[in-house]
Amino acid sequence: MDKSAQAILNFRDLNVSYGQNIVVRNVNFALRRGETAAIVGESGSGKTQTILAALRLLPPQAKTTGSIKFEGANLLDLPLPALNRIRGKRIAIIFQEPMSALDPLYPVGAQIGAVLRLQAGLSRRAARERVLELLDLVHIPEPKRRIHAYPHELSGGQRQRVSIAMAIACDPNVLIADEPTTALDVTVAARILDLIAELKQRLGMAMIFISHDLSLVRRFADRIHVMRQGEIVESGSARRITTAPTHAYTRMLLEAEPHPRGEARSFAQAPVILDAKEISVKFRPRGGFFAPSFLMKRDEIKAVDRVTLRLHEGETLGLVGESGSGKSTLARALLKLVPASGMVTFEGRDLTPLSQRALRPLRRSLQLVFQDPFGSLSPRMNVGQIITEGLLVHEPALTRAERDKRAVQALEEVRLHPDLRHRFPHEFSGGQRQRIAIARAMILKPRLVVLDEPTSALDRSVQAEILNLLDQLQAAHGLTYVFISHDLAVIRAVADEIAVMKDGRIIEQGPAREIIEHPRETYTQKLITAAFQAPL
Amino acid sequence: MNRPLTIDKAKTDRSLFARIAANPATLASALILGLMALACLIGPILSPHPYDRVYRDYVLIGPSLTAHPDTTEVDAAMSDIARRMRVEIAATQNDGTKLRATLTSDRPIDARALRYFDRSDIFAPAHIVSSEDEGRRLSLEAPLRREVFLFGTDANGRDLLTRILIAGRVSLAVGLLASFVALVIGVTFGAVAGYAGGRVDAVMMRIVEIVYALPFIFLVIVLTMIFGRNFILIFVAIGAVEWLDMARIVRGQTLTLKRRDYVLAAEALGAPARAILWRHIIPNALGPIAASLTLLVPRVILLESFVSFLGLGVQEPLTSWGVLISDGARTIQSAAYLLIFPALFLAVTLGALQILGDGWRGFFETRND
């Protein structure tokens with residue numbers, strides 16, 4: 001056995017519990033030198049708890065038993081000074097959210113420099129030299145200038161590069177990455193992954209990569225550990241896990257990848273339900289009360305720039321773009337929820353001249369489902385009140401008992417038990433909440449539903465269930481969907497037609513298969529490579 | 001594949017009261033407040049002393065559990081009466097319930113002089129047992145009144161306990177009503193300003209700032225000049241000032257809440273602005289509102305005492321805790337209990353309100369998770 005095959009970090013019978021609640025159960029695995037191990041599991045599976053336990057970063061009420069050996073020393077009962085010599089220097093960690101991992105009060109250079117001076121004992125001057133080197137290593141352009149930048153002056157991808165620079169500053173033996181790309185756009189995430197892979201090659205460190213996305217980690221992981229409800233249910237080489245999984249849960253995770261839509265449906269003959277012409281939405285920066293309007297006009301931001309769309313009854317339009325491309329704003333403009341210029345015709349009726357009051361009767365046909373199932377339900381109302389709110393507006397004549405009956409029907413339609421209508425949103429999981437949000441829209445029997453990233457906040461397996469539900473509802477009620485997502489895999493699974501948005505404009509539009517297989521624009525090509533990159 | 005629902009029933013069906021009851025500190029403070037309100041409401045009715053009754057013989061009596069008068073008080077009062085009747089005391093005998101006294105004088109003693117006993121707070125009307133020596137030697141019997149002053153009496157000889165309870169009525173009423181006024185105006189104003197946004201918001205918040213700029217005491221004096229001295233004035237003046245903070249807090253909350261998806265969802269459902277404010281914005285702002293309300297009630301109670309201290313609020317013989325405390329502070333060296341007891345009542349009430357508010361906020365915050 002050669003030296004490189006030795007275990008550098010060894011988890012033995014690790015248990016983490018909060019009171020009666022065991023979140024990590026008998027976790028055993030070893031990380032060899034230079035190896036990349038991926039821990040894959042859905043939210044709440046205990047993957048983050050496992051690695052936080054290794055660095056003793058768990059909150060004080062957490063109880064850990066077992067051992068985590070790093071080069072022979074048990075991290076769980078090492079005295080704090082000895083542990084601090086390991087933390088950040090020998091074992092470093094990259095967190096999911098690059099904004100909150102950096103202190104907004106200090107320039108990034110000073111933050112990386114602080115790690116170097118504290119952990120490696122470098123002088124101020126030497127630390128500065130090293131910081132420049134590191135920023136260059138993580139491909140931040142013009143490191144001499146960026147060293148003085150504050151976190152808010154950098155983009156999300158650059159911030160994540162800075163946190164990576166910080167993590168590798170002291171040449172750690174083990175790098176832990178906790179969903180480092182989940183908060184980023186696909187194309188940015190792809191570049192960050194390239195960077196991590198490159199650094200791993202150059203610096204030869206071992207890495208634990210935590211992710212919920214099996215298709216992402218199989219591109220570069222050597223070994224994959226699948227976690228479920230605090231236990232590792234299956235471990236093995238990346239190739240074996242993805243090609244010949246033995247555990248049912250792993251198979252389920254693999255199958256939960258969105259499948260491309262089967263045969264293409266044609267809607268050319270179907271009546272046009274929504275026709276939008278030259279839609280533009282402008283945001284003005286906040287001016288004072290008396291700020292002259294010509295000054296404000298100069299600084300206007302065009303969130304949506306002259307977009308023209310046509311939707312046929314029963315079809316699903318997939319709207320793809322990265323964050324800030326204006327896709328959510330466009331959707332809201334289509335529903336006349338934000339002031340916009342241009343013309344919107346719905347079922348032959350021009351919505352443009354209608355006031356909000358005149359629009360109200362039409363609102364029931366135009367519904368919206370949001371991305372964040374935690375933010376879109378009022379925490380003070382019970383489920384019954386939430387889903388029947390629209391009835392109060394549109395069918396005020398209904399009695400309480402009749403509304404209740406409709407709530408029961410709506411919940412059954414989204415496959416939730418009707419008794420749940422007396423519960424409050426905080427008692428539900430993300431997928432269940434999303435079902436409630438869908439029920440709220442469906443109870444009004446809408447014609448057009450805008451789905452604003454309805455599955456992005458959900459685990460893959462839940463995502464598949466929701467997509468399935470949406471498909472059934474569409475078939476049952478002849479609904480027309482505008483499906484917004486940054487995830488081309490999801491879009492491919494649901495959309496009949498795809499529109500790609502960038503900087504407020506639709507740059508490419510056409511039948512789904514055509515766009516995916518023969519993209520014309522380089523931006524679309526980039527998106528597609530990022531989403532469907534073949535396993536390395 | 002549907003996931004099984006693991007929600008335990010017991011946790012979900014708990015009402016506000018059940019949640020409060022689960023926390024002993026919150027429960028205790030709620031009980032204390034209830035008892036305090038009850039005591040202030042019915043205490044003065046049950047008390048043997050009217051709150052404005054002046055006991056001239058019991059000025060600045062210290063707090064005690066035993067009944068008055070004691071023997072020295074009886075002797076002092078007897079010799080005082082004898083001096084007024086211009087007679088000598090030959091002998092006295094005090095058996096605890098009545099006083100037998102033998103009085104002598106050079107001249108016959110006029111029985112009408114016995115009315116000095118009627119005026120006393122210590123003796124009930126006296127009656128003559130025997131008269132000798134042509135009226136120059138008089139034996140009489142005067143039953144003793146028995147008075148208990150648990151907290152002692154003030155500089156005017158009024159029972160402190162009764163006065164504290166009466167003051168509690170005023171302070172609690174001001175605290176609750178003025179806070180309620182501030183709450184209603186502030187929440188409505190703030191929520192409307194925040195939700196409307198833009199120019200409406202700008203104008204409404206400038207109004208708030210203008211009212212902020214008026215000195216409070218100036219406002220009170222102007223109101224007094226217009227409406228005259230009136231108890232209601234306190235509510236109006238305090239309510240008119242204190243809603244400003246509430247309006248700002250609620251506006252700030254509304255600005256963040258109106259960007260929430262559930263508000264957008266309600267707009268997409270076509271719900272009118274009024275319904276959105278009532279169903280979504282205000283219920284979700286309740287946490288911060290409750291927090292500032294717990295600070296508001298004590299502040300209002302203290303403001304009332306300040307206004308009364310300046311002679312613009314409640315007037316003698318009516319009183320409030322603030323007035324009692326400011327009176328007590330003046331006699332702190334000679335009679336500290338005049339300060340200690342009302343301050344204790346105020347402190348207990350404010351403390352209980354604080355803990356109750358914390359518990360309340362905790363309740364709302366767990367809901368917000």
# chains A, B, ... in the order shown; residues from 1 in each chain; ligands from 1

$ interface_residues --of "chain A" --to "chain B" --cutoff "7 Å" --atoms "only C-alpha atoms" --output "mmCIF file with N, CA and C atoms, in the first residue's frame"
data_model
loop_
_atom_site.group_PDB
_atom_site.id
_atom_site.type_symbol
_atom_site.label_atom_id
_atom_site.label_comp_id
_atom_site.auth_asym_id
_atom_site.auth_seq_id
_atom_site.Cartn_x
_atom_site.Cartn_y
_atom_site.Cartn_z
ATOM 1 N N ARG A 360 -59.251 42.972 -11.866
ATOM 2 C CA ARG A 360 -59.497 42.014 -10.797
ATOM 3 C C ARG A 360 -60.292 40.780 -11.239
ATOM 4 N N ARG A 363 -58.049 38.336 -12.909
ATOM 5 C CA ARG A 363 -56.942 37.791 -12.127
ATOM 6 C C ARG A 363 -57.079 36.291 -11.889
ATOM 7 N N ARG A 364 -58.312 35.826 -11.766
ATOM 8 C CA ARG A 364 -58.469 34.416 -11.433
ATOM 9 C C ARG A 364 -57.994 33.522 -12.564
ATOM 10 N N GLN A 367 -52.656 33.014 -12.943
ATOM 11 C CA GLN A 367 -52.114 32.745 -11.612
ATOM 12 C C GLN A 367 -50.599 32.581 -11.625
ATOM 13 N N LEU A 368 -50.034 32.602 -10.396
ATOM 14 C CA LEU A 368 -48.588 32.668 -10.238
ATOM 15 C C LEU A 368 -48.167 31.716 -9.127
ATOM 16 N N PHE A 370 -44.632 30.649 -6.909
ATOM 17 C CA PHE A 370 -43.292 31.207 -6.698
ATOM 18 C C PHE A 370 -42.248 30.142 -6.444
ATOM 19 N N GLY A 375 -41.290 31.348 1.487
ATOM 20 C CA GLY A 375 -41.655 32.757 1.524
ATOM 21 C C GLY A 375 -43.021 33.037 0.933
ATOM 22 N N SER A 376 -43.582 32.080 0.209
ATOM 23 C CA SER A 376 -44.786 32.430 -0.533
ATOM 24 C C SER A 376 -46.069 32.101 0.224
ATOM 25 N N LEU A 377 -45.934 31.537 1.431
ATOM 26 C CA LEU A 377 -47.133 31.267 2.228
ATOM 27 C C LEU A 377 -47.054 32.088 3.501
ATOM 28 N N SER A 378 -48.114 32.819 3.792
ATOM 29 C CA SER A 378 -48.087 33.651 4.992
ATOM 30 C C SER A 378 -48.039 32.768 6.235
ATOM 31 N N PRO A 379 -47.044 32.967 7.104
ATOM 32 C CA PRO A 379 -46.903 32.081 8.263
ATOM 33 C C PRO A 379 -48.038 32.220 9.275
ATOM 34 N N ARG A 380 -48.866 33.238 9.148
ATOM 35 C CA ARG A 380 -49.914 33.463 10.128
ATOM 36 C C ARG A 380 -51.254 32.831 9.756
ATOM 37 N N GLY A 390 -58.240 33.398 -2.538
ATOM 38 C CA GLY A 390 -58.708 33.870 -3.833
ATOM 39 C C GLY A 390 -60.220 33.802 -3.971
ATOM 40 N N VAL A 393 -62.050 36.795 -2.825
ATOM 41 C CA VAL A 393 -62.028 37.915 -3.768
ATOM 42 C C VAL A 393 -62.989 37.662 -4.922
ATOM 43 N N ARG A 423 -53.681 23.076 9.409
ATOM 44 C CA ARG A 423 -52.312 23.257 9.893
ATOM 45 C C ARG A 423 -51.722 24.549 9.350
ATOM 46 N N HIS A 426 -45.572 26.357 8.573
ATOM 47 C CA HIS A 426 -44.265 25.965 9.081
ATOM 48 C C HIS A 426 -44.194 24.484 9.424
ATOM 49 N N GLU A 427 -45.331 23.793 9.399
ATOM 50 C CA GLU A 427 -45.316 22.374 9.723
ATOM 51 C C GLU A 427 -45.059 21.502 8.500
ATOM 52 N N GLU A 465 -41.536 14.863 -8.323
ATOM 53 C CA GLU A 465 -42.957 14.724 -7.964
ATOM 54 C C GLU A 465 -43.758 15.957 -8.354
#

$ residues_around --residues "Ala238 of chain A" --least-positions-apart "5" --cutoff "7 Å" --atoms "only C-alpha atoms" --output "ChimeraX atom specification"
/A:218,221-224

$ atom_distance --atom1 "atom CA of Pro361 of chain A" --atom2 "atom CA of Ala196 of chain B"
22.1 Å

$ select_by_dssp --residues "segment 152-336 of chain A" --states "strand (DSSP E)" --output "PyMOL selection string"
chain A and resi 174-178+206-211+223-228+231-237+272-283+301-312+316-320

$ write_last_selection --atoms "C-alpha atoms" --output "tab-separated table (two decimals), in the first residue's frame"
chain	number	residue	atom	x	y	z
A	174	VAL	CA	-8.11	18.56	3.26
A	175	LEU	CA	-10.55	20.92	1.59
A	176	ILE	CA	-14.21	20.65	2.47
A	177	ALA	CA	-16.67	22.22	0.06
A	178	ASP	CA	-20.24	22.48	1.30
A	206	ALA	CA	-7.91	15.66	-0.54
A	207	MET	CA	-11.41	17.00	-0.84
A	208	ILE	CA	-14.84	16.32	0.56
A	209	PHE	CA	-17.51	17.73	-1.70
A	210	ILE	CA	-21.00	17.99	-0.35
A	211	SER	CA	-23.88	18.24	-2.75
A	223	ARG	CA	-15.81	8.08	-4.37
A	224	ILE	CA	-19.43	8.85	-3.59
A	225	HIS	CA	-21.15	8.35	-0.26
A	226	VAL	CA	-24.91	8.56	-0.40
A	227	MET	CA	-26.53	9.78	2.81
A	228	ARG	CA	-30.11	9.45	3.85
A	231	GLU	CA	-26.90	7.29	7.58
A	232	ILE	CA	-24.59	6.43	4.74
A	233	VAL	CA	-26.69	4.03	2.73
A	234	GLU	CA	-24.22	3.35	-0.03
A	235	SER	CA	-20.54	4.04	-0.67
A	236	GLY	CA	-18.47	3.24	-3.66
A	237	SER	CA	-16.48	4.53	-6.59
A	272	VAL	CA	-53.54	31.98	-28.91
A	273	ILE	CA	-54.20	32.60	-25.24
A	274	LEU	CA	-51.70	35.32	-24.49
A	275	ASP	CA	-50.09	37.73	-26.87
A	276	ALA	CA	-47.48	40.14	-25.59
A	277	LYS	CA	-45.89	42.77	-27.80
A	278	GLU	CA	-42.89	44.96	-27.07
A	279	ILE	CA	-43.00	44.54	-23.32
A	280	SER	CA	-40.53	46.75	-21.51
A	281	VAL	CA	-40.08	47.23	-17.77
A	282	LYS	CA	-37.88	50.00	-16.46
A	283	PHE	CA	-36.78	50.53	-12.93
A	301	ILE	CA	-32.42	50.24	-15.67
A	302	LYS	CA	-34.19	48.22	-18.32
A	303	ALA	CA	-35.11	44.96	-16.61
A	304	VAL	CA	-37.12	43.80	-19.61
A	305	ASP	CA	-36.38	45.23	-23.02
A	306	ARG	CA	-39.00	45.01	-25.81
A	307	VAL	CA	-39.98	41.39	-25.41
A	308	THR	CA	-42.56	39.85	-27.72
A	309	LEU	CA	-44.15	36.52	-26.85
A	310	ARG	CA	-47.07	34.43	-28.01
A	311	LEU	CA	-48.58	31.57	-26.02
A	312	HIS	CA	-50.93	28.92	-27.40
A	316	THR	CA	-45.68	25.15	-21.77
A	317	LEU	CA	-43.22	27.91	-22.50
A	318	GLY	CA	-39.89	27.46	-20.76
A	319	LEU	CA	-38.18	30.72	-19.93
A	320	VAL	CA	-34.47	30.19	-19.26

$ residues_around --residues "segment 101-110 of chain B" --least-positions-apart "4" --cutoff "8 Å" --atoms "only C-alpha atoms" --output "ChimeraX atom specification"
/B:82,86-93,114,134-141

$ write_last_selection --atoms "N, CA and C atoms" --output "compact mmCIF listing (two decimals), in the first residue's frame"
# COMPACT_ATOMS: atom_id res chain seq x y z
N ALA B 82 -57.61 66.74 76.40
CA ALA B 82 -57.73 67.34 77.72
C ALA B 82 -57.29 68.80 77.67
N ARG B 86 -59.49 72.11 78.43
CA ARG B 86 -58.99 72.82 79.61
C ARG B 86 -59.30 72.05 80.88
N VAL B 87 -58.94 70.77 80.89
CA VAL B 87 -59.14 69.95 82.10
C VAL B 87 -57.84 69.20 82.36
N GLU B 88 -57.75 68.66 83.59
CA GLU B 88 -56.60 67.84 83.96
C GLU B 88 -57.01 66.38 83.88
N ILE B 89 -56.06 65.53 83.56
CA ILE B 89 -56.34 64.10 83.56
C ILE B 89 -55.92 63.54 84.91
N ALA B 90 -56.88 62.98 85.64
CA ALA B 90 -56.58 62.44 86.95
C ALA B 90 -56.09 60.99 86.81
N ALA B 91 -56.78 60.22 85.98
CA ALA B 91 -56.39 58.82 85.79
C ALA B 91 -56.91 58.34 84.44
N THR B 92 -56.17 57.42 83.83
CA THR B 92 -56.68 56.79 82.61
C THR B 92 -56.47 55.29 82.72
N GLN B 93 -57.35 54.60 82.05
CA GLN B 93 -57.21 53.14 82.05
C GLN B 93 -57.57 52.65 80.65
N LEU B 114 -67.20 67.33 75.28
CA LEU B 114 -66.90 65.95 74.86
C LEU B 114 -66.88 65.80 73.34
N GLU B 134 -69.90 68.09 91.85
CA GLU B 134 -70.66 69.08 91.08
C GLU B 134 -70.11 69.26 89.68
N GLY B 135 -69.73 68.18 89.12
CA GLY B 135 -69.28 68.24 87.72
C GLY B 135 -67.83 68.59 87.58
N ARG B 136 -67.13 68.75 88.68
CA ARG B 136 -65.71 69.09 88.55
C ARG B 136 -64.86 67.83 88.33
N ARG B 137 -65.43 66.70 88.65
CA ARG B 137 -64.69 65.45 88.42
C ARG B 137 -65.57 64.53 87.56
N LEU B 138 -65.04 64.21 86.44
CA LEU B 138 -65.86 63.53 85.42
C LEU B 138 -65.21 62.20 85.06
N SER B 139 -65.99 61.12 85.17
CA SER B 139 -65.47 59.83 84.67
C SER B 139 -66.14 59.55 83.32
N LEU B 140 -65.35 59.21 82.35
CA LEU B 140 -65.98 58.93 81.06
C LEU B 140 -65.34 57.73 80.39
N GLU B 141 -66.06 57.26 79.43
CA GLU B 141 -65.60 56.07 78.73
C GLU B 141 -65.64 56.37 77.23

$ closest_residue --among "A:Ala340, A:Leu330, A:Met166, A:Ala264" --to "Ala101 of chain A" --atoms "only C-alpha atoms"
A:Met166

$ atom_distance --atom1 "atom CA of Lys336 of chain A" --atom2 "atom CA of Phe374 of chain A"
24.0 Å

$ closest_residue --among "B:Leu303, B:Leu161, B:Leu35, B:Ile122" --to "Ile340 of chain B" --atoms "only C-alpha atoms"
B:Leu161

$ residues_around --residues "Leu366 of chain A" --least-positions-apart "6" --cutoff "7 Å" --atoms "only C-alpha atoms" --output "PyMOL selection string"
chain A and resi 335+446-449

$ write_last_selection --atoms "C-alpha atoms" --output "compact mmCIF listing (two decimals), in the first residue's frame"
# COMPACT_ATOMS: atom_id res chain seq x y z
CA LEU A 335 -49.62 39.32 -15.40
CA PRO A 446 -57.00 29.53 -13.94
CA ARG A 447 -56.27 29.45 -17.66
CA LEU A 448 -52.64 30.56 -17.52
CA VAL A 449 -50.21 29.82 -14.70

$ residues_around --residues "Arg84 of chain B" --least-positions-apart "6" --cutoff "10 Å" --atoms "only C-alpha atoms" --output "list in words"
Met78, Ala113 and Tyr116 of chain B

$ atom_distance --atom1 "atom CA of Glu517 of chain A" --atom2 "atom CA of Gly314 of chain A"
23.5 Å

$ closest_residue --among "B:Ile185, B:Ala28, B:Leu99, B:Leu338" --to "Pro63 of chain B" --atoms "only C-alpha atoms"
B:Leu338
